[in-house]
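**Q** Please find structure-v5.cif (mmCIF, C-alpha atoms) on the next line:
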```
data_entry
#
loop_
_atom_site.label_atom_id
_atom_site.label_comp_id
_atom_site.auth_asym_id
_atom_site.auth_seq_id
_atom_site.Cartn_x
_atom_site.Cartn_y
_atom_site.Cartn_z
CA MET A 1 86.57 -1.75 -52.20
CA ARG A 2 88.89 1.18 -52.77
CA ILE A 3 87.77 4.78 -52.32
CA ALA A 4 87.33 5.18 -56.10
CA GLU A 5 84.79 2.36 -56.18
CA LEU A 6 83.04 3.69 -53.06
CA SER A 7 82.71 7.01 -54.92
CA GLU A 8 81.49 5.28 -58.08
CA ARG A 9 78.87 3.21 -56.28
CA SER A 10 77.61 6.00 -54.02
CA GLY A 11 77.76 8.82 -56.57
CA VAL A 12 79.67 10.91 -54.00
CA PRO A 13 82.91 12.52 -55.33
CA VAL A 14 86.19 11.28 -53.78
CA PRO A 15 87.12 14.70 -52.27
CA THR A 16 83.71 14.81 -50.54
CA ILE A 17 84.24 11.30 -49.13
CA LYS A 18 87.65 12.41 -47.84
CA TYR A 19 86.02 15.40 -46.20
CA TYR A 20 83.47 13.14 -44.46
CA LEU A 21 86.33 10.90 -43.26
CA ARG A 22 88.21 13.89 -41.82
CA GLU A 23 85.03 15.15 -40.12
CA GLY A 24 84.36 11.75 -38.59
CA LEU A 25 81.07 11.27 -40.44
CA LEU A 26 82.42 8.10 -42.01
CA PRO A 27 84.55 5.59 -40.04
CA PRO A 28 88.05 5.03 -41.45
CA GLY A 29 88.53 2.13 -43.86
CA GLU A 30 90.77 -0.81 -43.17
CA SER A 31 94.34 0.37 -43.81
CA ILE A 32 96.04 -1.80 -46.42
CA ARG A 33 99.01 0.38 -47.36
CA ALA A 34 100.55 3.72 -46.29
CA ASN A 35 98.14 5.82 -48.31
CA GLN A 36 95.40 3.33 -49.09
CA ALA A 37 92.40 1.91 -47.30
CA ARG A 38 89.69 -0.60 -48.04
CA TYR A 39 85.95 0.09 -47.56
CA ASP A 40 82.96 -2.23 -47.33
CA GLU A 41 79.17 -2.28 -47.63
CA ARG A 42 78.82 -0.68 -44.21
CA HIS A 43 80.68 2.35 -45.48
CA LEU A 44 78.43 2.54 -48.49
CA GLN A 45 75.33 2.40 -46.31
CA ARG A 46 76.68 5.02 -43.92
CA LEU A 47 77.60 7.25 -46.85
CA ARG A 48 74.03 7.11 -48.19
CA LEU A 49 72.73 8.05 -44.76
CA VAL A 50 75.16 11.00 -44.54
CA ARG A 51 73.93 12.28 -47.90
CA VAL A 52 70.27 12.06 -46.93
CA LEU A 53 70.90 13.75 -43.58
CA ILE A 54 72.69 16.62 -45.35
CA ASP A 55 70.66 16.96 -48.56
CA VAL A 56 67.17 16.08 -47.34
CA GLY A 57 67.34 16.61 -43.58
CA ARG A 58 69.58 19.72 -43.80
CA LEU A 59 71.43 18.60 -40.67
CA PRO A 60 74.67 20.41 -39.81
CA VAL A 61 77.83 18.25 -39.71
CA ALA A 62 78.12 18.47 -35.91
CA ALA A 63 74.55 17.19 -35.48
CA ILE A 64 75.28 14.23 -37.76
CA ARG A 65 78.38 13.39 -35.73
CA ASP A 66 76.32 13.40 -32.52
CA LEU A 67 73.65 11.27 -34.16
CA PHE A 68 76.21 8.66 -35.22
CA ALA A 69 77.70 8.61 -31.73
CA ASP A 70 74.20 7.64 -30.55
CA LEU A 71 73.64 5.08 -33.29
CA ASP A 72 77.02 3.41 -32.85
CA ARG A 73 76.51 2.62 -29.20
CA PRO A 74 75.93 -1.07 -28.43
CA ASP A 75 72.34 -0.30 -27.38
CA PRO A 76 71.23 2.62 -29.52
CA ASP A 77 68.28 4.56 -28.10
CA LEU A 78 66.18 4.86 -31.24
CA HIS A 79 63.66 7.29 -29.82
CA HIS A 80 66.50 9.63 -28.90
CA ALA A 81 68.30 9.16 -32.23
CA LEU A 82 65.11 9.90 -34.17
CA GLY A 83 64.62 13.04 -32.13
CA ARG A 84 68.13 14.18 -33.01
CA ALA A 85 67.70 13.35 -36.70
CA LEU A 86 64.48 15.34 -37.00
CA LYS A 87 65.34 18.19 -34.62
CA SER A 88 67.35 20.14 -37.16
CA ALA A 89 64.74 19.62 -39.81
CA PRO A 90 62.01 22.01 -38.77
CA ALA A 91 59.00 22.66 -40.98
CA GLY A 92 60.03 26.22 -41.75
CA GLY A 93 62.92 28.66 -41.67
CA PRO A 94 65.05 29.86 -38.75
CA GLU A 95 63.36 30.77 -35.44
CA PRO A 96 62.42 34.43 -34.89
CA PRO A 97 62.47 35.63 -31.26
CA ALA A 98 59.35 34.87 -29.22
CA THR A 99 56.71 37.57 -28.83
CA GLY A 100 53.72 37.90 -26.52
CA ASP A 101 51.15 36.12 -28.63
CA VAL A 102 53.54 33.27 -29.45
CA ALA A 103 54.21 32.76 -25.76
CA THR A 104 50.45 32.56 -25.15
CA ALA A 105 50.08 30.12 -28.01
CA GLU A 106 52.83 27.94 -26.51
CA LEU A 107 50.64 27.41 -23.46
CA GLU A 108 47.81 26.37 -25.77
CA VAL A 109 50.11 23.86 -27.44
CA ASP A 110 50.92 22.44 -23.99
CA ASP A 111 47.19 22.06 -23.33
CA LEU A 112 46.67 20.37 -26.68
CA LEU A 113 49.47 17.88 -25.94
CA ARG A 114 47.88 17.11 -22.58
CA ARG A 115 44.42 16.65 -24.07
CA ARG A 116 45.74 14.24 -26.68
CA GLY A 117 48.10 12.50 -24.26
CA TRP A 118 51.10 13.17 -26.49
CA LEU A 119 54.43 12.83 -24.70
CA VAL A 120 56.71 15.47 -26.24
CA SER A 121 59.99 16.78 -24.84
CA GLU A 122 60.14 20.37 -23.63
CA GLU A 123 62.77 21.31 -26.21
CA ALA A 124 61.01 19.91 -29.30
CA PRO A 125 61.30 22.72 -31.90
CA ALA A 126 57.89 21.79 -33.30
CA ARG A 127 56.22 23.09 -30.10
CA ARG A 128 57.42 26.55 -30.89
CA ARG A 129 56.72 26.11 -34.57
CA VAL A 130 53.08 25.21 -33.96
CA ALA A 131 52.75 28.11 -31.51
CA GLU A 132 54.05 30.50 -34.15
CA VAL A 133 51.56 29.28 -36.71
CA ILE A 134 48.73 29.61 -34.18
CA ALA A 135 49.75 33.21 -33.46
CA ALA A 136 50.03 33.97 -37.19
CA LEU A 137 46.59 32.48 -37.86
CA ARG A 138 45.09 34.76 -35.21
CA ARG A 139 46.89 37.82 -36.59
CA LEU A 140 45.50 36.95 -40.03
CA ASP A 141 41.95 36.56 -38.66
CA ASN A 142 41.85 32.80 -39.09
CA ALA A 143 41.17 32.00 -35.43
CA LYS A 144 38.49 29.52 -36.48
CA GLN A 145 41.25 27.21 -37.69
CA VAL A 146 42.89 27.38 -34.26
CA GLU A 147 39.58 26.39 -32.64
CA MET A 148 39.60 23.23 -34.75
CA ILE A 149 43.14 22.26 -33.78
CA ASP A 150 42.03 19.17 -31.85
CA GLU A 151 40.36 17.77 -34.95
CA TYR A 152 43.44 18.53 -37.05
CA ALA A 153 45.64 16.90 -34.41
CA ALA A 154 43.50 13.75 -34.45
CA ALA A 155 43.87 13.44 -38.23
CA VAL A 156 47.62 14.09 -37.99
CA GLU A 157 48.02 11.43 -35.29
CA ARG A 158 46.86 8.86 -37.81
CA ILE A 159 49.52 10.13 -40.23
CA ALA A 160 52.24 9.87 -37.57
CA GLU A 161 51.20 6.27 -36.93
CA LEU A 162 51.64 5.50 -40.63
CA ASP A 163 55.02 7.28 -40.52
CA LEU A 164 56.24 5.12 -37.69
CA GLN A 165 54.89 1.92 -39.27
CA LEU A 166 57.23 2.72 -42.15
CA VAL A 167 60.37 2.82 -40.05
CA GLN A 168 59.77 -0.16 -37.79
CA ALA A 169 61.37 -3.60 -38.17
CA ALA A 170 64.65 -2.30 -39.53
CA ASP A 171 68.18 -1.79 -38.22
CA PRO A 172 68.74 1.53 -36.39
CA GLU A 173 70.57 3.12 -39.31
CA THR A 174 67.73 2.32 -41.70
CA VAL A 175 65.17 3.58 -39.19
CA VAL A 176 66.90 6.97 -39.11
CA TYR A 177 67.33 7.05 -42.90
CA ARG A 178 63.66 6.31 -43.53
CA ALA A 179 62.47 8.68 -40.82
CA VAL A 180 64.35 11.62 -42.32
CA VAL A 181 63.34 10.91 -45.92
CA GLY A 182 59.79 10.04 -44.93
CA THR A 183 59.29 13.08 -42.73
CA ILE A 184 60.80 15.73 -44.97
CA LEU A 185 59.56 14.43 -48.33
CA GLY A 186 56.41 13.34 -46.53
CA ASP A 187 55.57 17.00 -45.77
CA ALA A 188 55.61 17.71 -49.51
CA LEU A 189 53.61 14.56 -50.23
CA LEU A 190 50.96 15.47 -47.69
CA ALA A 191 50.78 19.09 -48.86
CA GLY A 192 50.25 17.87 -52.43
CA LEU A 193 47.64 15.28 -51.46
CA ARG A 194 45.88 17.90 -49.35
CA ARG A 195 45.43 20.18 -52.37
CA LEU A 196 44.07 17.32 -54.45
CA ALA A 197 41.66 16.34 -51.68
CA GLN A 198 40.62 19.98 -51.19
CA GLU A 199 39.76 20.30 -54.85
CA SER A 200 37.65 17.19 -54.64
CA VAL A 201 35.82 18.31 -51.48
CA SER A 202 35.38 21.83 -52.87
CA ASP A 203 33.86 20.33 -56.00
CA ARG A 204 31.38 18.43 -53.85
CA LEU A 205 30.48 21.49 -51.79
CA PHE A 206 30.45 24.35 -54.26
CA HIS A 207 30.50 23.15 -57.81
CA ASP A 208 26.99 21.95 -58.40
CA ARG A 209 25.40 25.02 -56.89
CA THR A 210 27.19 27.89 -58.62
CA ASP A 211 23.86 29.69 -58.87
CA SER A 212 23.46 30.07 -55.12
CA SER A 213 26.41 31.92 -53.64
CA ASP A 214 25.85 31.68 -49.91
CA MET B 1 37.35 57.40 -45.39
CA ARG B 2 40.25 59.07 -47.17
CA ILE B 3 43.23 57.17 -48.52
CA ALA B 4 45.32 58.16 -45.46
CA GLU B 5 42.84 56.51 -43.12
CA LEU B 6 42.58 53.45 -45.36
CA SER B 7 46.37 53.19 -45.11
CA GLU B 8 46.29 53.68 -41.35
CA ARG B 9 43.60 51.06 -40.77
CA SER B 10 45.04 48.46 -43.16
CA GLY B 11 48.70 49.01 -42.35
CA VAL B 12 49.39 49.29 -46.09
CA PRO B 13 51.44 52.37 -47.13
CA VAL B 14 49.66 54.97 -49.31
CA PRO B 15 52.01 54.50 -52.33
CA THR B 16 51.28 50.75 -52.26
CA ILE B 17 47.52 51.40 -52.16
CA LYS B 18 47.92 53.72 -55.17
CA TYR B 19 49.82 50.99 -56.98
CA TYR B 20 47.00 48.49 -56.30
CA LEU B 21 44.47 51.05 -57.60
CA ARG B 22 46.48 51.54 -60.81
CA GLU B 23 46.81 47.77 -61.26
CA GLY B 24 43.07 47.27 -60.80
CA LEU B 25 43.49 45.14 -57.65
CA LEU B 26 41.39 47.66 -55.71
CA PRO B 27 38.27 49.29 -57.20
CA PRO B 28 38.46 53.11 -57.40
CA GLY B 29 36.99 55.07 -54.50
CA GLU B 30 34.06 57.43 -54.84
CA SER B 31 35.43 60.61 -56.39
CA ILE B 32 34.72 63.62 -54.15
CA ARG B 33 37.09 66.19 -55.64
CA ALA B 34 39.58 66.47 -58.55
CA ASN B 35 42.35 64.67 -56.72
CA GLN B 36 40.48 63.05 -53.85
CA ALA B 37 38.40 59.92 -53.41
CA ARG B 38 36.48 58.30 -50.57
CA TYR B 39 36.87 54.65 -49.59
CA ASP B 40 34.68 52.38 -47.49
CA GLU B 41 34.75 49.09 -45.54
CA ARG B 42 34.59 47.11 -48.78
CA HIS B 43 37.90 48.66 -49.83
CA LEU B 44 39.43 47.76 -46.50
CA GLN B 45 38.28 44.16 -46.80
CA ARG B 46 39.52 43.89 -50.39
CA LEU B 47 42.85 45.40 -49.38
CA ARG B 48 43.31 42.78 -46.66
CA LEU B 49 42.57 40.07 -49.19
CA VAL B 50 45.10 41.54 -51.66
CA ARG B 51 47.77 41.49 -48.95
CA VAL B 52 47.10 37.88 -48.00
CA LEU B 53 47.08 36.77 -51.64
CA ILE B 54 50.44 38.46 -52.20
CA ASP B 55 52.18 37.83 -48.87
CA VAL B 56 50.82 34.41 -47.93
CA GLY B 57 49.55 32.97 -51.22
CA ARG B 58 52.43 34.41 -53.32
CA LEU B 59 50.02 35.09 -56.18
CA PRO B 60 51.27 37.26 -59.04
CA VAL B 61 49.33 40.50 -59.64
CA ALA B 62 47.79 39.20 -62.90
CA ALA B 63 46.44 36.12 -61.12
CA ILE B 64 44.85 38.29 -58.41
CA ARG B 65 43.20 40.45 -61.08
CA ASP B 66 41.72 37.34 -62.73
CA LEU B 67 40.57 36.04 -59.36
CA PHE B 68 38.74 39.29 -58.59
CA ALA B 69 37.13 39.26 -62.03
CA ASP B 70 35.70 35.86 -61.01
CA LEU B 71 34.68 36.98 -57.53
CA ASP B 72 33.00 40.18 -58.73
CA ARG B 73 30.62 38.43 -61.09
CA PRO B 74 26.99 38.38 -59.95
CA ASP B 75 27.17 34.59 -59.50
CA PRO B 76 30.73 33.84 -58.46
CA ASP B 77 31.79 30.23 -59.06
CA LEU B 78 33.48 29.56 -55.74
CA HIS B 79 34.98 26.23 -56.72
CA HIS B 80 36.65 27.90 -59.68
CA ALA B 81 37.79 30.92 -57.64
CA LEU B 82 39.31 28.68 -54.96
CA GLY B 83 41.15 26.77 -57.65
CA ARG B 84 42.59 30.02 -58.97
CA ALA B 85 43.55 31.26 -55.51
CA LEU B 86 45.42 28.08 -54.63
CA LYS B 87 46.87 27.29 -58.06
CA SER B 88 49.79 29.67 -57.72
CA ALA B 89 50.50 28.50 -54.23
CA PRO B 90 52.14 25.12 -54.78
CA ALA B 91 53.58 23.15 -51.90
CA GLY B 92 57.16 23.59 -53.07
CA GLY B 93 59.39 25.59 -55.36
CA PRO B 94 59.27 26.05 -59.14
CA GLU B 95 58.54 23.05 -61.37
CA PRO B 96 61.52 21.17 -62.78
CA PRO B 97 61.00 19.57 -66.22
CA ALA B 98 59.29 16.15 -66.19
CA THR B 99 61.45 13.04 -66.39
CA GLY B 100 60.64 9.40 -67.06
CA ASP B 101 59.95 8.31 -63.51
CA VAL B 102 57.82 11.39 -62.79
CA ALA B 103 55.70 10.63 -65.86
CA THR B 104 55.19 7.07 -64.56
CA ALA B 105 54.31 8.42 -61.14
CA GLU B 106 51.72 10.75 -62.69
CA LEU B 107 49.83 7.69 -63.93
CA GLU B 108 49.92 6.31 -60.39
CA VAL B 109 48.47 9.58 -59.10
CA ASP B 110 45.65 9.24 -61.66
CA ASP B 111 44.96 5.74 -60.34
CA LEU B 112 44.95 6.97 -56.76
CA LEU B 113 42.46 9.72 -57.61
CA ARG B 114 40.23 7.14 -59.28
CA ARG B 115 40.44 4.74 -56.35
CA ARG B 116 39.47 7.48 -53.90
CA GLY B 117 36.87 9.00 -56.21
CA TRP B 118 38.54 12.43 -56.04
CA LEU B 119 37.48 14.75 -58.86
CA VAL B 120 40.55 16.82 -59.70
CA SER B 121 41.14 18.90 -62.84
CA GLU B 122 43.78 17.77 -65.31
CA GLU B 123 45.82 20.95 -64.80
CA ALA B 124 45.97 20.90 -60.98
CA PRO B 125 49.65 21.57 -60.17
CA ALA B 126 49.41 19.28 -57.14
CA ARG B 127 49.07 16.25 -59.45
CA ARG B 128 52.53 16.88 -60.76
CA ARG B 129 53.81 17.81 -57.32
CA VAL B 130 52.68 14.52 -55.79
CA ALA B 131 54.14 12.61 -58.75
CA GLU B 132 57.50 14.31 -58.19
CA VAL B 133 57.54 13.37 -54.53
CA ILE B 134 56.64 9.76 -55.40
CA ALA B 135 59.53 9.61 -57.86
CA ALA B 136 61.91 11.17 -55.33
CA LEU B 137 60.83 8.70 -52.62
CA ARG B 138 61.64 5.83 -54.99
CA ARG B 139 65.02 7.31 -55.90
CA LEU B 140 65.79 7.63 -52.19
CA ASP B 141 64.76 4.01 -51.51
CA ASN B 142 61.62 4.90 -49.61
CA ALA B 143 59.24 2.99 -51.91
CA LYS B 144 57.45 1.59 -48.86
CA GLN B 145 55.99 5.04 -48.23
CA VAL B 146 54.61 5.08 -51.78
CA GLU B 147 52.94 1.71 -51.17
CA MET B 148 51.08 3.27 -48.25
CA ILE B 149 49.83 6.23 -50.25
CA ASP B 150 46.18 5.14 -50.05
CA GLU B 151 46.32 5.21 -46.28
CA TYR B 152 48.00 8.62 -46.29
CA ALA B 153 45.39 9.88 -48.75
CA ALA B 154 42.56 8.69 -46.49
CA ALA B 155 44.01 10.60 -43.52
CA VAL B 156 44.52 13.69 -45.67
CA GLU B 157 40.94 13.56 -46.95
CA ARG B 158 39.79 14.08 -43.38
CA ILE B 159 42.06 17.15 -43.16
CA ALA B 160 40.66 18.56 -46.41
CA GLU B 161 37.14 18.18 -45.03
CA LEU B 162 38.14 20.20 -41.97
CA ASP B 163 39.73 22.79 -44.29
CA LEU B 164 36.54 23.22 -46.25
CA GLN B 165 34.39 23.33 -43.10
CA LEU B 166 36.43 26.38 -42.17
CA VAL B 167 35.62 28.32 -45.29
CA GLN B 168 31.92 27.53 -45.62
CA ALA B 169 29.08 29.82 -44.65
CA ALA B 170 30.89 33.01 -45.58
CA ASP B 171 30.78 35.52 -48.40
CA PRO B 172 32.90 34.59 -51.45
CA GLU B 173 35.66 37.05 -50.60
CA THR B 174 36.01 35.63 -47.09
CA VAL B 175 35.96 32.08 -48.46
CA VAL B 176 38.96 32.88 -50.67
CA TYR B 177 40.76 34.73 -47.88
CA ARG B 178 40.34 31.87 -45.41
CA ALA B 179 41.21 29.23 -47.99
CA VAL B 180 44.53 30.88 -48.83
CA VAL B 181 45.53 31.56 -45.22
CA GLY B 182 44.25 28.18 -44.04
CA THR B 183 45.95 26.21 -46.79
CA ILE B 184 49.34 27.88 -46.75
CA LEU B 185 49.70 28.38 -43.00
CA GLY B 186 47.87 25.08 -42.57
CA ASP B 187 50.78 23.25 -44.25
CA ALA B 188 53.12 24.61 -41.58
CA LEU B 189 50.60 23.81 -38.83
CA LEU B 190 50.22 20.22 -40.00
CA ALA B 191 53.98 19.75 -40.43
CA GLY B 192 54.49 20.96 -36.86
CA LEU B 193 51.70 18.82 -35.42
CA ARG B 194 53.06 15.84 -37.36
CA ARG B 195 56.45 16.14 -35.65
CA LEU B 196 54.83 16.39 -32.24
CA ALA B 197 52.66 13.35 -32.96
CA GLN B 198 55.66 11.43 -34.33
CA GLU B 199 57.60 12.06 -31.15
CA SER B 200 54.70 10.78 -29.10
CA VAL B 201 54.24 7.64 -31.24
CA SER B 202 58.02 7.04 -31.33
CA ASP B 203 58.08 7.27 -27.55
CA ARG B 204 55.37 4.60 -27.37
CA LEU B 205 57.18 2.31 -29.82
CA PHE B 206 60.84 2.68 -28.96
CA HIS B 207 61.37 4.40 -25.68
CA ASP B 208 60.55 1.78 -23.10
CA ARG B 209 62.60 -0.89 -24.78
CA THR B 210 65.95 0.83 -25.33
CA ASP B 211 67.67 -2.40 -24.32
CA SER B 212 66.31 -4.36 -27.29
CA SER B 213 67.26 -2.67 -30.54
CA ASP B 214 65.38 -4.63 -33.19
#
```
Kindly return the structure encoded in the file as C-alpha cells.

**A**
Amino acid sequence: MRIAELSERSGVPVPTIKYYLREGLLPPGESIRANQARYDERHLQRLRLVRVLIDVGRLPVAAIRDLFADLDRPDPDLHHALGRALKSAPAGGPEPPATGDVATAELEVDDLLRRRGWLVSEEAPARRRVAEVIAALRRLDNAKQVEMIDEYAAAVERIAELDLQLVQAADPETVVYRAVVGTILGDALLAGLRRLAQESVSDRLFHDRTDSSD
Amino acid sequence: MRIAELSERSGVPVPTIKYYLREGLLPPGESIRANQARYDERHLQRLRLVRVLIDVGRLPVAAIRDLFADLDRPDPDLHHALGRALKSAPAGGPEPPATGDVATAELEVDDLLRRRGWLVSEEAPARRRVAEVIAALRRLDNAKQVEMIDEYAAAVERIAELDLQLVQAADPETVVYRAVVGTILGDALLAGLRRLAQESVSDRLFHDRTDSSD
C-alpha cells in the first residue's frame, strides 16, 4: 500500500508517519520510485504499536527506538523488552529526589521482595515508587496499611499472573503491545473495580448497623 | 490552645485555618475574648482530616462540608460517609460524555456486579469509570483482558477486604481519614506492587528461554 492508504487504515496522519520514518520508529517501505515507497501489513502493525507506546505508555521516542532494536533481533529477549516497554510508564509522575524515610522504605521493599521470592532488577522504577508510597503512608499516619503490605502483595501477585496470561502465546510485538495497554489501562480498571468492591464490602460491614457507631 | 499553636502543631498556616473556620470546615473554638478563641485536640484532628480530604482526596470544600454534616450526626452512617468521601476521588480525570460503546460496557458492569453479588449504588462514579476502561480496552484490541474481568474482580475483592480491615475499629472520623488516604495512596501502592510482581512473573515465564521466542 502507499503511504496515503497506510495513513487511512491506521488513522495516523501522513506527516506523522513521515516523522516516525525519519526517527527510525518505522522501517522504510519498499522503494518503488524516486519519491514513492510501498508499505505492508507489518508496517501497519508496527504503526499501531508505536501509537500505543506513545499515547498509552507515554514512552519517549528514544526508548521506543531501543525497544524495537530489541524486538527486531533474531532472538528477542521478551523479558527484557517488556521491562523496557513498562519502565517509562511509572504509576505516577516524575521522580522527586530521595529523602531519609524513602531510603529506609527502599530497604523494606527489598525485604518484601525477598519474602515473596520476587526476582526484580535493581533499577526497576517501581521499587522506588513503592518506597515513596510507603513513606507517604507513614507521614500521613497510615502505617497500618504498610504493616499489611505482604497481604496486599499476595493479592497483587494473582493480578500479575492474570496480566501475564494475557500476553502469552503471541508474537513478540503483540506481547509488548498487550503488556503496555493491559498494564496502563489495567491500573485504571483495577482502581475502578477496587472502588466498586469497597462499596460492596463497606455495605456488608457498616450499612446494616448504622445505629451502633463503633 | 490558641490559633498560633494550632497552626504550629498542624503545619497549616493561620490564614488557611481562618478560611476553614469561615467555610465551616472547622467548628469555632471556645471564645475566650472578643477576638480570641481556644482550640483543642478535636480541632487538630479535624484539621488533619480537612487537609487529607483536600490534598489527597481532592474533595471540593462543599463536599467536605456535607461529609462533616454526616459525620457530626449522633448516629453517623459510616457507609454513606465513606461513599461521600470517595465519590469525588475517582481513579482518573474528569468524565468525558458517554458514547455508544461505553453505554454497552455499563450493562456489562451491571452484569459483573450481579455475578459477584456486589451491592453498589446506581450513582457510583466507578461504574462509569470501569465501563470507560472496558470500552477503551476493546478499541485498543485488548478485548481478552475484558473477558478475564471476573478473575480480576475476584483478586480485587480480596484487596477491598484488606482495605476495609484497615479502617475498622476506629472512630468515624478516623475511618474516613484512613479510607481516603488508603484508597488514593493505595492505588499508587498497588500499581507499584503490580509492576514488581509482573517483572517477577515475566522472569519466570520468559527469561530462561530467550532462545525460543514463541

**Q** CA of Ala170 in chain B and CA of Glu108 in chain A, how far apart in Å?

**A**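 So the answer is 26.9 Å.
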
**Q** Would you list the contacts of range 14-27 of chain B as a list in words, taking every protein, DNA or RNA residue within 10 Å and counting all atoms listed in the file, but skipping same-chain residues closer than 3 positions in sequence?

**A**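 My list of contacting residues is Ile3, Ala4, Glu5, Leu6, Ser7, Glu8, Ser10, Gly11, Glu30, Tyr39, Arg42, His43, Leu44, Arg46, Leu47, Leu49, Val50, Val61, Ala62, Ile64, Arg65, Asp66, Leu67, Phe68 and Ala69 of chain B.
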
**Q** Could you expand the PyMOL selection byres ((chain B) within 7 of (chain A)) into the explicit residues it covers here, written as a PyMOL selection string?

**A** chain B and resi 75-79+91+118-120+126+129-130+133+142+144-145+152-153+155-161+164+166+169-171+178+185+187-203+206-207+210-211+213-214

**Q** Any chance you could export the current selection's C-alpha atoms as a PDB file, in the coordinates of the input?

**A**
```pdb
ATOM      1  CA  ASP B  75      27.170  34.590 -59.500  1.00  0.00           C
ATOM      2  CA  PRO B  76      30.730  33.840 -58.460  1.00  0.00           C
ATOM      3  CA  ASP B  77      31.790  30.230 -59.060  1.00  0.00           C
ATOM      4  CA  LEU B  78      33.480  29.560 -55.740  1.00  0.00           C
ATOM      5  CA  HIS B  79      34.980  26.230 -56.720  1.00  0.00           C
ATOM      6  CA  ALA B  91      53.580  23.150 -51.900  1.00  0.00           C
ATOM      7  CA  TRP B 118      38.540  12.430 -56.040  1.00  0.00           C
ATOM      8  CA  LEU B 119      37.480  14.750 -58.860  1.00  0.00           C
ATOM      9  CA  VAL B 120      40.550  16.820 -59.700  1.00  0.00           C
ATOM     10  CA  ALA B 126      49.410  19.280 -57.140  1.00  0.00           C
ATOM     11  CA  ARG B 129      53.810  17.810 -57.320  1.00  0.00           C
ATOM     12  CA  VAL B 130      52.680  14.520 -55.790  1.00  0.00           C
ATOM     13  CA  VAL B 133      57.540  13.370 -54.530  1.00  0.00           C
ATOM     14  CA  ASN B 142      61.620   4.900 -49.610  1.00  0.00           C
ATOM     15  CA  LYS B 144      57.450   1.590 -48.860  1.00  0.00           C
ATOM     16  CA  GLN B 145      55.990   5.040 -48.230  1.00  0.00           C
ATOM     17  CA  TYR B 152      48.000   8.620 -46.290  1.00  0.00           C
ATOM     18  CA  ALA B 153      45.390   9.880 -48.750  1.00  0.00           C
ATOM     19  CA  ALA B 155      44.010  10.600 -43.520  1.00  0.00           C
ATOM     20  CA  VAL B 156      44.520  13.690 -45.670  1.00  0.00           C
ATOM     21  CA  GLU B 157      40.940  13.560 -46.950  1.00  0.00           C
ATOM     22  CA  ARG B 158      39.790  14.080 -43.380  1.00  0.00           C
ATOM     23  CA  ILE B 159      42.060  17.150 -43.160  1.00  0.00           C
ATOM     24  CA  ALA B 160      40.660  18.560 -46.410  1.00  0.00           C
ATOM     25  CA  GLU B 161      37.140  18.180 -45.030  1.00  0.00           C
ATOM     26  CA  LEU B 164      36.540  23.220 -46.250  1.00  0.00           C
ATOM     27  CA  LEU B 166      36.430  26.380 -42.170  1.00  0.00           C
ATOM     28  CA  ALA B 169      29.080  29.820 -44.650  1.00  0.00           C
ATOM     29  CA  ALA B 170      30.890  33.010 -45.580  1.00  0.00           C
ATOM     30  CA  ASP B 171      30.780  35.520 -48.400  1.00  0.00           C
ATOM     31  CA  ARG B 178      40.340  31.870 -45.410  1.00  0.00           C
ATOM     32  CA  LEU B 185      49.700  28.380 -43.000  1.00  0.00           C
ATOM     33  CA  ASP B 187      50.780  23.250 -44.250  1.00  0.00           C
ATOM     34  CA  ALA B 188      53.120  24.610 -41.580  1.00  0.00           C
ATOM     35  CA  LEU B 189      50.600  23.810 -38.830  1.00  0.00           C
ATOM     36  CA  LEU B 190      50.220  20.220 -40.000  1.00  0.00           C
ATOM     37  CA  ALA B 191      53.980  19.750 -40.430  1.00  0.00           C
ATOM     38  CA  GLY B 192      54.490  20.960 -36.860  1.00  0.00           C
ATOM     39  CA  LEU B 193      51.700  18.820 -35.420  1.00  0.00           C
ATOM     40  CA  ARG B 194      53.060  15.840 -37.360  1.00  0.00           C
ATOM     41  CA  ARG B 195      56.450  16.140 -35.650  1.00  0.00           C
ATOM     42  CA  LEU B 196      54.830  16.390 -32.240  1.00  0.00           C
ATOM     43  CA  ALA B 197      52.660  13.350 -32.960  1.00  0.00           C
ATOM     44  CA  GLN B 198      55.660  11.430 -34.330  1.00  0.00           C
ATOM     45  CA  GLU B 199      57.600  12.060 -31.150  1.00  0.00           C
ATOM     46  CA  SER B 200      54.700  10.780 -29.100  1.00  0.00           C
ATOM     47  CA  VAL B 201      54.240   7.640 -31.240  1.00  0.00           C
ATOM     48  CA  SER B 202      58.020   7.040 -31.330  1.00  0.00           C
ATOM     49  CA  ASP B 203      58.080   7.270 -27.550  1.00  0.00           C
ATOM     50  CA  PHE B 206      60.840   2.680 -28.960  1.00  0.00           C
ATOM     51  CA  HIS B 207      61.370   4.400 -25.680  1.00  0.00           C
ATOM     52  CA  THR B 210      65.950   0.830 -25.330  1.00  0.00           C
ATOM     53  CA  ASP B 211      67.670  -2.400 -24.320  1.00  0.00           C
ATOM     54  CA  SER B 213      67.260  -2.670 -30.540  1.00  0.00           C
ATOM     55  CA  ASP B 214      65.380  -4.630 -33.190  1.00  0.00           C
TER      56      ASP B 214
END
```

**Q** Find the distance between CA of Val175 in chain A and CA of Pro60 in chain A and write it in Å to one decimal.

**A**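 Atom-to-atom, CA of Val175 in chain A and CA of Pro60 in chain A are spaced 19.3 Å apart.
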
**Q** How many Å lie between CA of Glu123 in chain B and CA of Gly100 in chain B, rounded to one decimal?

**A**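 Going from CA of Glu123 in chain B over to CA of Gly100 in chain B, I get 18.9 Å.
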